[in-house]
>>> print(open('data-v9.csv').read())   # CSV, C-alpha atoms
chain,number,residue,atom,x,y,z
A,304,MET,CA,5.1,-52.8,112.5
A,305,THR,CA,1.8,-51.3,111.3
A,306,PHE,CA,-1.1,-53.6,111.4
A,307,VAL,CA,-3.2,-53.9,108.2
A,308,ASN,CA,-6.7,-55.1,108.3
A,309,PRO,CA,-7.2,-58.2,106.0
A,310,GLN,CA,-10.4,-56.7,104.8
A,311,ASP,CA,-8.5,-53.5,103.7
A,312,ARG,CA,-5.9,-55.6,102.0
A,313,ARG,CA,-8.5,-57.5,100.0
A,314,SER,CA,-10.1,-54.2,99.0
A,315,ARG,CA,-6.8,-52.9,97.8
A,316,ARG,CA,-6.1,-56.0,95.7
A,317,LEU,CA,-9.5,-55.7,94.1
A,318,SER,CA,-8.9,-52.0,93.4
A,319,VAL,CA,-5.5,-52.8,91.8
A,320,VAL,CA,-7.1,-55.6,89.7
A,321,SER,CA,-9.9,-53.3,88.7
A,322,GLN,CA,-7.4,-50.6,87.6
A,323,LEU,CA,-5.4,-53.1,85.6
A,324,SER,CA,-8.5,-54.3,83.9
A,325,VAL,CA,-9.4,-50.8,82.9
A,326,ALA,CA,-5.9,-50.1,81.7
A,327,LEU,CA,-5.9,-53.3,79.6
A,328,ALA,CA,-9.2,-52.4,78.1
A,329,LEU,CA,-8.0,-49.0,77.2
A,330,CYS,CA,-4.9,-50.5,75.6
A,331,CYS,CA,-7.0,-52.9,73.5
A,332,ALA,CA,-9.2,-50.0,72.5
A,333,LEU,CA,-6.3,-47.9,71.4
A,334,ALA,CA,-4.8,-50.8,69.5
A,335,ALA,CA,-8.0,-51.3,67.7
A,336,CYS,CA,-8.2,-47.7,66.8
A,337,ASN,CA,-4.7,-47.6,65.5
A,338,LYS,CA,-5.1,-50.7,63.4
A,339,GLU,CA,-5.0,-49.8,59.7
A,340,GLU,CA,-8.5,-49.9,58.4
A,341,PRO,CA,-9.2,-51.7,55.1
A,342,ALA,CA,-9.2,-49.5,52.1
A,343,GLN,CA,-12.5,-48.0,51.3
A,344,PRO,CA,-13.7,-47.9,47.7
A,345,THR,CA,-12.9,-44.5,46.2
A,346,ALA,CA,-14.2,-42.6,43.3
A,347,ALA,CA,-12.7,-43.7,40.0
A,348,ALA,CA,-9.5,-41.9,39.3
A,349,PRO,CA,-9.8,-39.4,36.4
A,350,ALA,CA,-8.9,-40.8,33.1
A,351,ALA,CA,-5.4,-40.1,31.9
A,352,THR,CA,-5.1,-36.8,30.0
A,353,GLN,CA,-5.8,-37.5,26.4
A,354,ALA,CA,-3.3,-36.2,23.9
A,355,ALA,CA,-4.5,-33.1,22.1
A,356,PRO,CA,-6.0,-33.9,18.7
A,357,ALA,CA,-3.8,-33.2,15.8
A,358,VAL,CA,-4.2,-29.8,14.1
A,359,THR,CA,-6.0,-30.1,10.7
A,360,ALA,CA,-6.5,-27.6,7.9
A,361,GLU,CA,-9.9,-26.9,9.3
A,362,THR,CA,-8.6,-26.1,12.8
A,363,ALA,CA,-5.3,-24.5,11.7
A,364,VAL,CA,-6.7,-21.0,12.3
A,365,SER,CA,-7.9,-20.8,15.8
A,366,ALA,CA,-11.3,-19.5,16.7
A,367,LYS,CA,-9.7,-16.7,18.6
A,368,VAL,CA,-8.0,-15.4,15.4
A,369,SER,CA,-11.1,-16.1,13.2
A,370,ALA,CA,-13.2,-14.0,15.6
A,371,LEU,CA,-11.2,-10.8,14.8
A,372,THR,CA,-12.6,-8.3,12.3
A,373,ALA,CA,-11.0,-7.8,8.9
A,374,ASP,CA,-9.4,-4.5,10.1
A,375,GLN,CA,-8.1,-6.1,13.3
A,376,LEU,CA,-6.7,-9.0,11.2
A,377,ARG,CA,-5.0,-6.7,8.8
A,378,GLU,CA,-3.4,-4.7,11.6
A,379,ALA,CA,-2.4,-7.9,13.5
A,380,ALA,CA,-0.9,-9.4,10.4
A,381,ARG,CA,1.1,-6.2,9.6
A,382,LYS,CA,2.4,-6.1,13.1
A,383,ALA,CA,3.3,-9.8,13.2
A,384,TYR,CA,5.1,-9.5,9.9
A,385,ALA,CA,7.1,-6.5,11.1
A,386,GLU,CA,8.1,-8.3,14.3
A,387,ASN,CA,9.2,-11.4,12.4
A,388,ARG,CA,6.4,-13.6,13.8
A,389,LEU,CA,5.8,-15.1,10.3
A,390,TYR,CA,4.5,-18.5,11.2
A,391,ALA,CA,4.9,-18.8,15.0
A,392,PRO,CA,3.9,-18.8,17.8
A,393,ALA,CA,0.4,-20.4,17.3
A,394,GLU,CA,-2.5,-17.9,17.3
A,395,ASP,CA,-0.2,-14.9,16.9
A,396,ASN,CA,1.6,-15.1,13.6
A,397,ALA,CA,1.2,-13.5,10.2
A,398,VAL,CA,0.2,-16.7,8.3
A,399,GLU,CA,-2.8,-17.4,10.6
A,400,TYR,CA,-3.9,-13.7,10.4
A,401,TYR,CA,-3.6,-13.6,6.6
A,402,LEU,CA,-5.5,-16.9,6.3
A,403,ALA,CA,-8.4,-15.6,8.5
A,404,LEU,CA,-8.3,-12.3,6.5
A,405,ARG,CA,-8.5,-14.3,3.2
A,406,ASP,CA,-11.7,-15.9,4.5
A,407,LYS,CA,-13.2,-12.5,5.2
A,408,ALA,CA,-11.8,-10.8,2.0
A,409,PRO,CA,-11.3,-13.5,-0.6
A,410,GLY,CA,-10.5,-11.0,-3.4
A,411,ASP,CA,-7.8,-9.1,-1.5
A,412,ALA,CA,-4.7,-9.3,-3.8
A,413,ALA,CA,-2.3,-8.1,-1.0
A,414,VAL,CA,-3.4,-11.0,1.2
A,415,SER,CA,-2.7,-13.5,-1.6
A,416,SER,CA,0.7,-12.0,-2.3
A,417,ALA,CA,1.7,-12.1,1.4
A,418,LEU,CA,0.7,-15.8,1.6
A,419,THR,CA,2.7,-16.5,-1.5
A,420,ASP,CA,5.7,-15.0,0.1
A,421,LEU,CA,5.2,-16.8,3.4
A,422,LEU,CA,4.5,-20.3,2.3
A,423,PRO,CA,8.1,-21.3,1.2
A,424,MET,CA,9.3,-20.3,4.7
A,425,THR,CA,6.5,-22.3,6.3
A,426,VAL,CA,7.6,-25.4,4.3
A,427,ILE,CA,11.2,-25.0,5.5
A,428,ALA,CA,10.0,-24.5,9.1
A,429,THR,CA,7.9,-27.7,8.9
A,430,GLU,CA,11.0,-29.7,7.7
A,431,GLN,CA,13.1,-28.3,10.5
A,432,SER,CA,10.4,-29.2,13.1
A,433,VAL,CA,10.4,-32.7,11.8
A,434,ASN,CA,14.2,-32.9,12.0
A,435,ARG,CA,14.2,-31.9,15.6
A,436,GLU,CA,11.2,-34.3,16.3
A,437,ASP,CA,8.8,-31.5,17.2
A,438,PHE,CA,5.9,-33.3,15.6
A,439,ALA,CA,3.1,-31.2,17.1
A,440,GLU,CA,4.7,-28.0,15.7
A,441,ALA,CA,5.3,-29.8,12.4
A,442,GLN,CA,1.6,-30.8,12.2
A,443,ARG,CA,0.5,-27.3,13.0
A,444,LEU,CA,2.7,-25.8,10.3
A,445,ALA,CA,1.6,-28.5,7.7
A,446,ALA,CA,-2.0,-27.7,8.6
A,447,LEU,CA,-1.4,-24.0,7.9
A,448,LEU,CA,0.2,-24.9,4.6
A,449,GLU,CA,-2.8,-27.1,3.7
A,450,ARG,CA,-5.2,-24.4,4.7
A,451,ALA,CA,-3.4,-21.9,2.5
A,452,ASP,CA,-3.0,-24.2,-0.5
A,453,ALA,CA,-4.4,-27.7,-0.5
A,454,GLN,CA,-2.6,-28.5,-3.7
A,455,HIS,CA,0.8,-27.3,-2.6
A,456,PRO,CA,3.5,-29.5,-4.2
A,457,ALA,CA,5.3,-30.0,-0.9
A,458,LEU,CA,2.3,-30.9,1.2
A,459,ALA,CA,2.1,-34.7,0.6
A,460,ARG,CA,5.8,-35.1,1.1
A,461,LEU,CA,5.7,-33.2,4.4
A,462,LYS,CA,2.8,-35.2,5.8
A,463,ALA,CA,4.5,-38.5,4.9
A,464,SER,CA,7.7,-37.3,6.5
A,465,ILE,CA,5.9,-36.3,9.7
A,466,ALA,CA,4.1,-39.6,10.0
A,467,ALA,CA,7.3,-41.6,9.2
A,468,GLN,CA,9.5,-39.7,11.6
A,469,GLN,CA,6.9,-39.7,14.3
A,470,ASP,CA,6.5,-43.5,14.1
A,471,ALA,CA,10.3,-43.9,14.2
A,472,SER,CA,10.5,-41.6,17.2
A,473,THR,CA,7.8,-43.5,19.0
A,474,LYS,CA,9.6,-46.8,18.5
A,475,ARG,CA,12.9,-45.3,19.7
A,476,ALA,CA,11.2,-43.9,22.8
A,477,ALA,CA,9.7,-47.4,23.6
A,478,GLN,CA,13.1,-49.0,23.1
A,479,GLN,CA,14.9,-46.4,25.3
A,480,GLN,CA,12.2,-46.5,28.0
A,481,LEU,CA,12.7,-42.9,28.9
A,482,THR,CA,11.7,-42.0,32.4
A,483,ALA,CA,9.1,-39.4,33.1
A,484,GLU,CA,11.8,-37.1,34.4
A,485,GLU,CA,13.9,-37.6,31.2
A,486,GLU,CA,10.9,-37.1,29.0
A,487,ALA,CA,10.0,-33.8,30.8
A,488,LYS,CA,13.6,-32.6,30.5
A,489,LYS,CA,13.6,-33.5,26.8
A,490,LYS,CA,10.3,-31.6,26.2
A,491,VAL,CA,11.8,-28.5,28.0
A,492,GLU,CA,14.9,-28.6,25.9
A,493,LEU,CA,12.8,-29.2,22.7
A,494,GLU,CA,10.6,-26.2,23.5
A,495,LYS,CA,13.7,-24.0,24.1
A,496,LYS,CA,15.4,-25.2,20.9
A,497,ARG,CA,12.2,-24.6,19.0
A,498,VAL,CA,11.8,-21.1,20.2
A,499,GLU,CA,15.5,-20.3,19.5
A,500,ASP,CA,15.4,-22.0,16.0
A,501,GLN,CA,12.1,-20.3,15.0
A,502,LYS,CA,13.3,-16.9,16.1
A,503,LYS,CA,16.5,-17.2,14.1
A,504,GLN,CA,14.7,-18.8,11.1
A,505,GLN,CA,12.0,-16.1,11.1
A,506,GLU,CA,14.6,-13.4,11.3
A,507,ASP,CA,16.6,-14.9,8.4
A,508,ALA,CA,13.4,-15.3,6.4
A,509,ALA,CA,12.4,-11.7,7.1
A,510,ARG,CA,15.8,-10.5,5.9
A,511,GLN,CA,15.5,-12.6,2.8
A,512,LEU,CA,12.0,-11.4,2.1
A,513,ALA,CA,13.0,-7.8,2.7
A,514,ALA,CA,15.9,-8.2,0.2
A,515,GLN,CA,13.6,-9.8,-2.3
A,516,GLN,CA,11.0,-7.0,-1.9
A,517,ALA,CA,13.8,-4.4,-2.2
A,518,ALA,CA,15.0,-6.0,-5.4
A,519,THR,CA,11.5,-6.2,-6.8
A,520,LYS,CA,10.9,-2.5,-5.8
A,521,GLN,CA,14.2,-1.5,-7.5
A,522,ALA,CA,13.2,-3.4,-10.7
A,523,ASP,CA,9.7,-1.8,-10.6
A,524,ASP,CA,11.2,1.7,-10.0
A,525,LYS,CA,13.6,1.2,-12.9
A,526,ALA,CA,10.8,-0.1,-15.2
A,527,ALA,CA,8.6,2.9,-14.1
A,528,ALA,CA,11.5,5.3,-14.8
A,529,ASP,CA,12.2,3.7,-18.2
A,530,LYS,CA,8.5,3.9,-19.1
A,531,ALA,CA,8.4,7.6,-17.9
A,532,ALA,CA,11.5,8.4,-20.1
A,533,ALA,CA,10.0,6.6,-23.1
A,534,ASP,CA,6.7,8.4,-22.6
A,535,LYS,CA,8.5,11.7,-22.3
A,536,ALA,CA,10.5,11.0,-25.5
A,537,ALA,CA,7.4,10.0,-27.3
A,538,ALA,CA,5.6,13.1,-26.1
A,539,ASP,CA,8.6,15.3,-27.1
A,540,GLN,CA,8.6,13.6,-30.6
A,541,ARG,CA,4.9,14.2,-31.0
A,542,ALA,CA,5.4,17.9,-30.0
A,543,ALA,CA,8.3,18.2,-32.5
A,544,ASP,CA,6.2,16.6,-35.2
A,545,ALA,CA,3.3,18.9,-34.4
A,546,ARG,CA,5.6,22.0,-34.5
A,547,ALA,CA,7.1,20.8,-37.8
A,548,ALA,CA,3.6,20.2,-39.2
A,549,GLU,CA,2.6,23.7,-38.1
A,550,GLN,CA,5.7,25.2,-39.7
A,551,ARG,CA,5.0,23.4,-42.9
A,552,ALA,CA,1.4,24.6,-42.9
A,553,ALA,CA,2.5,28.1,-42.2
A,554,ALA,CA,5.1,28.0,-45.0
A,555,ALA,CA,2.4,26.6,-47.3
A,556,ARG,CA,0.0,29.4,-46.3
A,557,GLN,CA,2.8,32.0,-46.8
A,558,ALA,CA,3.7,30.5,-50.2
A,559,ALA,CA,0.0,30.5,-51.2
A,560,ALA,CA,-0.4,34.1,-50.2
A,561,ALA,CA,2.9,35.4,-51.7
A,562,PRO,CA,3.1,36.1,-55.5
A,563,ALA,CA,4.8,33.6,-57.7
A,564,SER,CA,8.6,34.0,-57.4
A,565,ALA,CA,10.7,34.6,-60.5
A,566,ASP,CA,13.4,32.2,-61.7
A,567,ALA,CA,16.3,32.4,-64.1
A,568,SER,CA,14.1,32.0,-67.1
A,569,ASP,CA,12.4,35.3,-66.3
A,570,LEU,CA,15.6,37.3,-66.7
A,571,ARG,CA,15.7,39.5,-69.8
A,572,PRO,CA,19.1,41.0,-70.3
A,573,LEU,CA,19.4,44.7,-71.2
A,574,SER,CA,23.1,45.1,-71.0
A,575,MET,CA,25.8,42.4,-70.6
A,576,PRO,CA,29.2,43.9,-71.3
A,577,PRO,CA,32.0,41.3,-71.7
A,578,PRO,CA,34.8,41.1,-69.1
A,579,ARG,CA,38.1,42.7,-69.7
A,580,TYR,CA,40.9,40.3,-70.6
A,581,PRO,CA,43.7,40.4,-68.1
A,582,PRO,CA,46.8,41.7,-70.0
A,583,GLU,CA,49.2,39.2,-68.5
A,584,ALA,CA,46.9,36.3,-69.5
A,585,LEU,CA,46.4,37.8,-72.9
A,586,ARG,CA,50.2,38.1,-73.5
A,587,ALA,CA,50.7,34.6,-72.3
A,588,GLY,CA,47.9,33.3,-74.5
A,589,THR,CA,46.1,31.8,-71.4
A,590,SER,CA,42.5,30.8,-71.8
A,591,GLY,CA,40.0,29.7,-69.2
A,592,GLU,CA,36.5,30.1,-67.7
A,593,VAL,CA,34.9,31.3,-64.5
A,594,GLN,CA,31.5,30.2,-63.2
A,595,VAL,CA,29.9,33.1,-61.3
A,596,GLU,CA,26.8,33.0,-59.1
A,597,PHE,CA,24.9,36.3,-59.0
A,598,THR,CA,21.7,37.7,-57.7
A,599,VAL,CA,19.5,40.1,-59.8
A,600,GLY,CA,17.3,42.5,-57.8
A,601,THR,CA,13.8,43.6,-58.7
A,602,ASP,CA,15.1,46.6,-60.5
A,603,GLY,CA,17.2,44.4,-62.8
A,604,SER,CA,20.6,45.3,-61.4
A,605,VAL,CA,23.1,42.7,-60.1
A,606,THR,CA,23.1,43.0,-56.3
A,607,ALA,CA,25.7,40.3,-55.5
A,608,ALA,CA,28.2,38.1,-57.3
A,609,ARG,CA,30.8,35.5,-56.3
A,610,VAL,CA,33.0,33.0,-58.0
A,611,VAL,CA,31.8,29.4,-57.8
A,612,ARG,CA,34.5,27.7,-59.9
A,613,SER,CA,37.4,28.9,-62.1
A,614,ASN,CA,40.0,27.3,-64.4
A,615,PRO,CA,42.7,28.2,-64.1
A,616,ALA,CA,42.2,29.4,-60.5
A,617,ARG,CA,42.3,33.1,-59.7
A,618,ILE,CA,43.5,34.3,-63.2
A,619,PHE,CA,40.2,35.5,-64.5
A,620,ASP,CA,38.1,35.7,-61.2
A,621,ARG,CA,38.3,39.5,-60.6
A,622,GLU,CA,37.5,40.5,-64.2
A,623,ALA,CA,34.6,38.0,-64.4
A,624,VAL,CA,33.0,39.3,-61.2
A,625,ASN,CA,33.5,43.0,-62.2
A,626,ALA,CA,31.8,42.3,-65.6
A,627,VAL,CA,28.8,40.5,-64.0
A,628,ARG,CA,28.2,43.4,-61.6
A,629,LYS,CA,27.7,45.7,-64.6
A,630,TRP,CA,25.0,43.6,-66.2
A,631,ARG,CA,21.5,44.9,-66.3
A,632,PHE,CA,18.2,43.1,-66.8
A,633,GLN,CA,14.5,44.0,-67.1
A,634,PRO,CA,12.8,44.6,-63.7
A,635,ILE,CA,11.3,41.4,-62.2
A,636,ASP,CA,8.8,40.6,-59.4
A,637,SER,CA,11.3,39.1,-57.0
A,638,PRO,CA,15.1,38.7,-56.8
A,639,VAL,CA,16.6,35.8,-58.7
A,640,THR,CA,19.9,34.0,-58.0
A,641,THR,CA,21.4,32.1,-60.9
A,642,ARG,CA,24.8,31.0,-62.3
A,643,ARG,CA,26.6,31.8,-65.6
A,644,THR,CA,29.9,30.5,-67.0
A,645,ILE,CA,32.1,33.2,-68.6
A,646,GLY,CA,34.8,32.0,-71.0
A,647,PHE,CA,38.1,33.7,-71.7
A,648,ASN,CA,39.8,32.9,-75.1
A,649,PRO,CA,42.6,35.2,-76.4
A,650,GLN,CA,41.8,34.4,-80.0
A,651,SER,CA,38.1,35.5,-79.8
>>> encode(input="data-v9.csv", output="structure tokens")
Amino acid sequence: MTFVNPQDRRSRRLSVVSQLSVALALCCALAACNKEEPAQPTAAAPAATQAAPAVTAETAVSAKVSALTADQLREAARKAYAENRLYAPAEDNAVEYYLALRDKAPGDAAVSSALTDLLPMTVIATEQSVNREDFAEAQRLAALLERADAQHPALARLKASIAAQQDASTKRAAQQQLTAEEEAKKKVELEKKRVEDQKKQQEDAARQLAAQQAATKQADDKAAADKAAADKAAADQRAADARAAEQRAAAARQAAAAPASADASDLRPLSMPPPRYPPEALRAGTSGEVQVEFTVGTDGSVTAARVVRSNPARIFDREAVNAVRKWRFQPIDSPVTTRRTIGFNPQS
């Protein structure tokens, strides 16, 4: 057995106690460090995000759009119109561009015409936004409508509908106590549906507008063609009237320059032998008459003769014409055409 000095044994006990004391102190210190400290005052949490203010007629056109020049606005409006961005999305649609352009060029008739075409579609889009409870979009569209025409007949109805439907939706939401997750999902679906609906609506509206413009152009082209035809007909008539007037004037000048023409009263017969009586008619005791038209030349001779009327027909025609061709008159200044009736009577 090993002998241990009592003094050493006491020293060892003291050393063990000392070590235990140190270990206990360390444990207490660690426990104190790990104990949860009382919450310290922290800076005030930021206020909840405030809802964006509702769009009004004054703010319907964004500062970004209003900052563009007139030429930039006109090009942006044309492009948006061509790409069917008629009233959406915000800050990049034809209605906003035309409203800003109207502020810079109030007398531009093309701008007024474009807005007139676009407002009915904006009204329909507002109603559809209300129906799908997209009230922010509905307010934006209604503000655009008010900015374009504060007296628009549909404006008061749309504002009342937005307010009523928004109030009803708020009450339903409170009753249903939608969770934050459900609300976020609903917003995502709403945004998706809005984009799809607006794309389809704007495409349909663009097609309708194109058809309307095509019909208007066709009517204008027809009216222009009709007017051109009427103008041409009037011009042709004026030209014909002018030619006729010129011909009458020329005839009048020619008549004034020519010597006075002779007429039947100027004929002075020199020789008018009677016609031979056809033997057959004479034996039959047939009587009749023949009207002959003949022309007397300037030398007094008969230059042409023809039967105008005879009774009975063809019995005395040949002899009447032969007799007239032998007639002679005094010379005259110009040829004269006249008629004479020659009678045939077997008893004369």
>>> residues_around(input="data-v9.csv", residues="A:Thr429", least_positions_apart="4", cutoff="8 Å", atoms="only C-alpha atoms", output="PyMOL selection string")
chain A and resi 425+433+440-442+444-445+461
>>> closest_residue(input="data-v9.csv", among="A:Gln505, A:Thr589, A:Pro581, A:Thr606", to="A:Arg621", atoms="only C-alpha atoms")
A:Pro581
>>> closest_residue(input="data-v9.csv", among="A:Lys490, A:Arg377, A:Arg443, A:Arg643", to="A:Ser365", atoms="only C-alpha atoms")
A:Arg443
>>> residues_around(input="data-v9.csv", residues="A:Lys382", least_positions_apart="2", cutoff="12 Å", atoms="only C-alpha atoms", output="list in words")
Gln375, Leu376, Arg377, Glu378, Ala379, Ala380, Tyr384, Ala385, Glu386, Asn387, Arg388, Leu389, Asp395, Asn396, Ala397, Val398, Tyr400 and Tyr401 of chain A
>>> write_last_selection(input="data-v9.csv", atoms="C-alpha atoms", output="tab-separated table (two decimals), in the coordinates of the input")
chain	number	residue	atom	x	y	z
A	375	GLN	CA	-8.10	-6.10	13.30
A	376	LEU	CA	-6.70	-9.00	11.20
A	377	ARG	CA	-5.00	-6.70	8.80
A	378	GLU	CA	-3.40	-4.70	11.60
A	379	ALA	CA	-2.40	-7.90	13.50
A	380	ALA	CA	-0.90	-9.40	10.40
A	384	TYR	CA	5.10	-9.50	9.90
A	385	ALA	CA	7.10	-6.50	11.10
A	386	GLU	CA	8.10	-8.30	14.30
A	387	ASN	CA	9.20	-11.40	12.40
A	388	ARG	CA	6.40	-13.60	13.80
A	389	LEU	CA	5.80	-15.10	10.30
A	395	ASP	CA	-0.20	-14.90	16.90
A	396	ASN	CA	1.60	-15.10	13.60
A	397	ALA	CA	1.20	-13.50	10.20
A	398	VAL	CA	0.20	-16.70	8.30
A	400	TYR	CA	-3.90	-13.70	10.40
A	401	TYR	CA	-3.60	-13.60	6.60
>>> closest_residue(input="data-v9.csv", among="A:Ala514, A:Ala471, A:Leu418, A:Ile635", to="A:Ala451", atoms="only C-alpha atoms")
A:Leu418
>>> atom_distance(input="data-v9.csv", atom1="atom CA of A:Glu583", atom2="atom CA of A:Gln650")
14.5 Å
>>> closest_residue(input="data-v9.csv", among="A:Pro578, A:Gly591, A:Pro409, A:Pro423", to="A:Pro615", atoms="only C-alpha atoms")
A:Gly591
>>> residues_around(input="data-v9.csv", residues="A:Val624", least_positions_apart="2", cutoff="9 Å", atoms="all atoms listed in the file", output="MDAnalysis selection string")
chainID A and resid 578 593 595 597 608:610 619:622 626:629
>>> closest_residue(input="data-v9.csv", among="A:Val639, A:Val498, A:Ala477, A:Ala616", to="A:Arg571", atoms="all atoms listed in the file")
A:Val639
>>> atom_distance(input="data-v9.csv", atom1="atom CA of A:Pro582", atom2="atom CA of A:Ser613")
17.7 Å
>>> closest_residue(input="data-v9.csv", among="A:Thr372, A:Thr598, A:Gln468, A:Thr419", to="A:His455", atoms="only C-alpha atoms")
A:Thr419
>>> residues_around(input="data-v9.csv", residues="A:Glu486", least_positions_apart="6", cutoff="12 Å", atoms="only C-alpha atoms", output="JSON list (two decimals) with C-alpha atoms, in the frame of the given file")
[["chain", "number", "residue", "atom", "x", "y", "z"],
["A", 476, "ALA", "CA", 11.20, -43.90, 22.80],
["A", 477, "ALA", "CA", 9.70, -47.40, 23.60],
["A", 479, "GLN", "CA", 14.90, -46.40, 25.30],
["A", 480, "GLN", "CA", 12.20, -46.50, 28.00],
["A", 492, "GLU", "CA", 14.90, -28.60, 25.90],
["A", 493, "LEU", "CA", 12.80, -29.20, 22.70]]
>>> atom_distance(input="data-v9.csv", atom1="atom CA of A:Gln557", atom2="atom CA of A:Arg642")
26.9 Å
>>> decode(input="data-v9.csv", residues="stretch 587-607 of chain A", atoms="N, CA and C atoms", output="PDB file, in the first residue's frame")
ATOM      1  N   ALA A 587    -109.831  56.110-170.078  1.00  0.00           N
ATOM      2  CA  ALA A 587    -110.665  55.667-168.964  1.00  0.00           C
ATOM      3  C   ALA A 587    -111.386  56.820-168.290  1.00  0.00           C
ATOM      4  N   GLY A 588    -111.062  58.037-168.700  1.00  0.00           N
ATOM      5  CA  GLY A 588    -111.698  59.204-168.085  1.00  0.00           C
ATOM      6  C   GLY A 588    -111.238  59.425-166.654  1.00  0.00           C
ATOM      7  N   THR A 589    -109.989  58.993-166.348  1.00  0.00           N
ATOM      8  CA  THR A 589    -109.457  59.127-164.983  1.00  0.00           C
ATOM      9  C   THR A 589    -108.882  60.523-164.773  1.00  0.00           C
ATOM     10  N   SER A 590    -109.237  61.137-163.682  1.00  0.00           N
ATOM     11  CA  SER A 590    -108.683  62.440-163.317  1.00  0.00           C
ATOM     12  C   SER A 590    -107.851  62.290-162.037  1.00  0.00           C
ATOM     13  N   GLY A 591    -107.070  63.299-161.737  1.00  0.00           N
ATOM     14  CA  GLY A 591    -106.253  63.240-160.512  1.00  0.00           C
ATOM     15  C   GLY A 591    -105.332  64.430-160.408  1.00  0.00           C
ATOM     16  N   GLU A 592    -104.403  64.383-159.480  1.00  0.00           N
ATOM     17  CA  GLU A 592    -103.433  65.462-159.283  1.00  0.00           C
ATOM     18  C   GLU A 592    -102.152  64.904-158.688  1.00  0.00           C
ATOM     19  N   VAL A 593    -101.068  65.666-158.921  1.00  0.00           N
ATOM     20  CA  VAL A 593     -99.748  65.261-158.432  1.00  0.00           C
ATOM     21  C   VAL A 593     -99.068  66.495-157.851  1.00  0.00           C
ATOM     22  N   GLN A 594     -98.565  66.382-156.624  1.00  0.00           N
ATOM     23  CA  GLN A 594     -97.780  67.479-156.023  1.00  0.00           C
ATOM     24  C   GLN A 594     -96.310  67.163-156.236  1.00  0.00           C
ATOM     25  N   VAL A 595     -95.623  68.100-156.889  1.00  0.00           N
ATOM     26  CA  VAL A 595     -94.217  67.902-157.246  1.00  0.00           C
ATOM     27  C   VAL A 595     -93.378  68.945-156.520  1.00  0.00           C
ATOM     28  N   GLU A 596     -92.275  68.492-155.952  1.00  0.00           N
ATOM     29  CA  GLU A 596     -91.285  69.401-155.356  1.00  0.00           C
ATOM     30  C   GLU A 596     -90.139  69.527-156.335  1.00  0.00           C
ATOM     31  N   PHE A 597     -89.745  70.760-156.654  1.00  0.00           N
ATOM     32  CA  PHE A 597     -88.679  70.952-157.646  1.00  0.00           C
ATOM     33  C   PHE A 597     -87.802  72.117-157.232  1.00  0.00           C
ATOM     34  N   THR A 598     -86.583  72.091-157.749  1.00  0.00           N
ATOM     35  CA  THR A 598     -85.603  73.132-157.447  1.00  0.00           C
ATOM     36  C   THR A 598     -85.254  73.875-158.718  1.00  0.00           C
ATOM     37  N   VAL A 599     -85.282  75.221-158.643  1.00  0.00           N
ATOM     38  CA  VAL A 599     -84.953  76.076-159.787  1.00  0.00           C
ATOM     39  C   VAL A 599     -83.560  76.626-159.562  1.00  0.00           C
ATOM     40  N   GLY A 600     -82.634  76.406-160.525  1.00  0.00           N
ATOM     41  CA  GLY A 600     -81.279  76.901-160.405  1.00  0.00           C
ATOM     42  C   GLY A 600     -81.196  78.387-160.706  1.00  0.00           C
ATOM     43  N   THR A 601     -79.996  78.952-160.569  1.00  0.00           N
ATOM     44  CA  THR A 601     -79.820  80.391-160.773  1.00  0.00           C
ATOM     45  C   THR A 601     -80.048  80.801-162.223  1.00  0.00           C
ATOM     46  N   ASP A 602     -79.930  79.841-163.153  1.00  0.00           N
ATOM     47  CA  ASP A 602     -80.164  80.187-164.567  1.00  0.00           C
ATOM     48  C   ASP A 602     -81.631  80.067-164.946  1.00  0.00           C
ATOM     49  N   GLY A 603     -82.488  79.679-163.986  1.00  0.00           N
ATOM     50  CA  GLY A 603     -83.920  79.595-164.253  1.00  0.00           C
ATOM     51  C   GLY A 603     -84.402  78.217-164.658  1.00  0.00           C
ATOM     52  N   SER A 604     -83.497  77.238-164.848  1.00  0.00           N
ATOM     53  CA  SER A 604     -83.920  75.896-165.247  1.00  0.00           C
ATOM     54  C   SER A 604     -84.220  75.052-164.015  1.00  0.00           C
ATOM     55  N   VAL A 605     -85.025  74.026-164.201  1.00  0.00           N
ATOM     56  CA  VAL A 605     -85.349  73.113-163.104  1.00  0.00           C
ATOM     57  C   VAL A 605     -84.226  72.082-163.018  1.00  0.00           C
ATOM     58  N   THR A 606     -83.583  72.021-161.853  1.00  0.00           N
ATOM     59  CA  THR A 606     -82.437  71.124-161.693  1.00  0.00           C
ATOM     60  C   THR A 606     -82.808  69.801-161.023  1.00  0.00           C
ATOM     61  N   ALA A 607     -83.931  69.746-160.367  1.00  0.00           N
ATOM     62  CA  ALA A 607     -84.360  68.514-159.691  1.00  0.00           C
ATOM     63  C   ALA A 607     -85.860  68.561-159.474  1.00  0.00           C
TER      64      ALA A 607
END
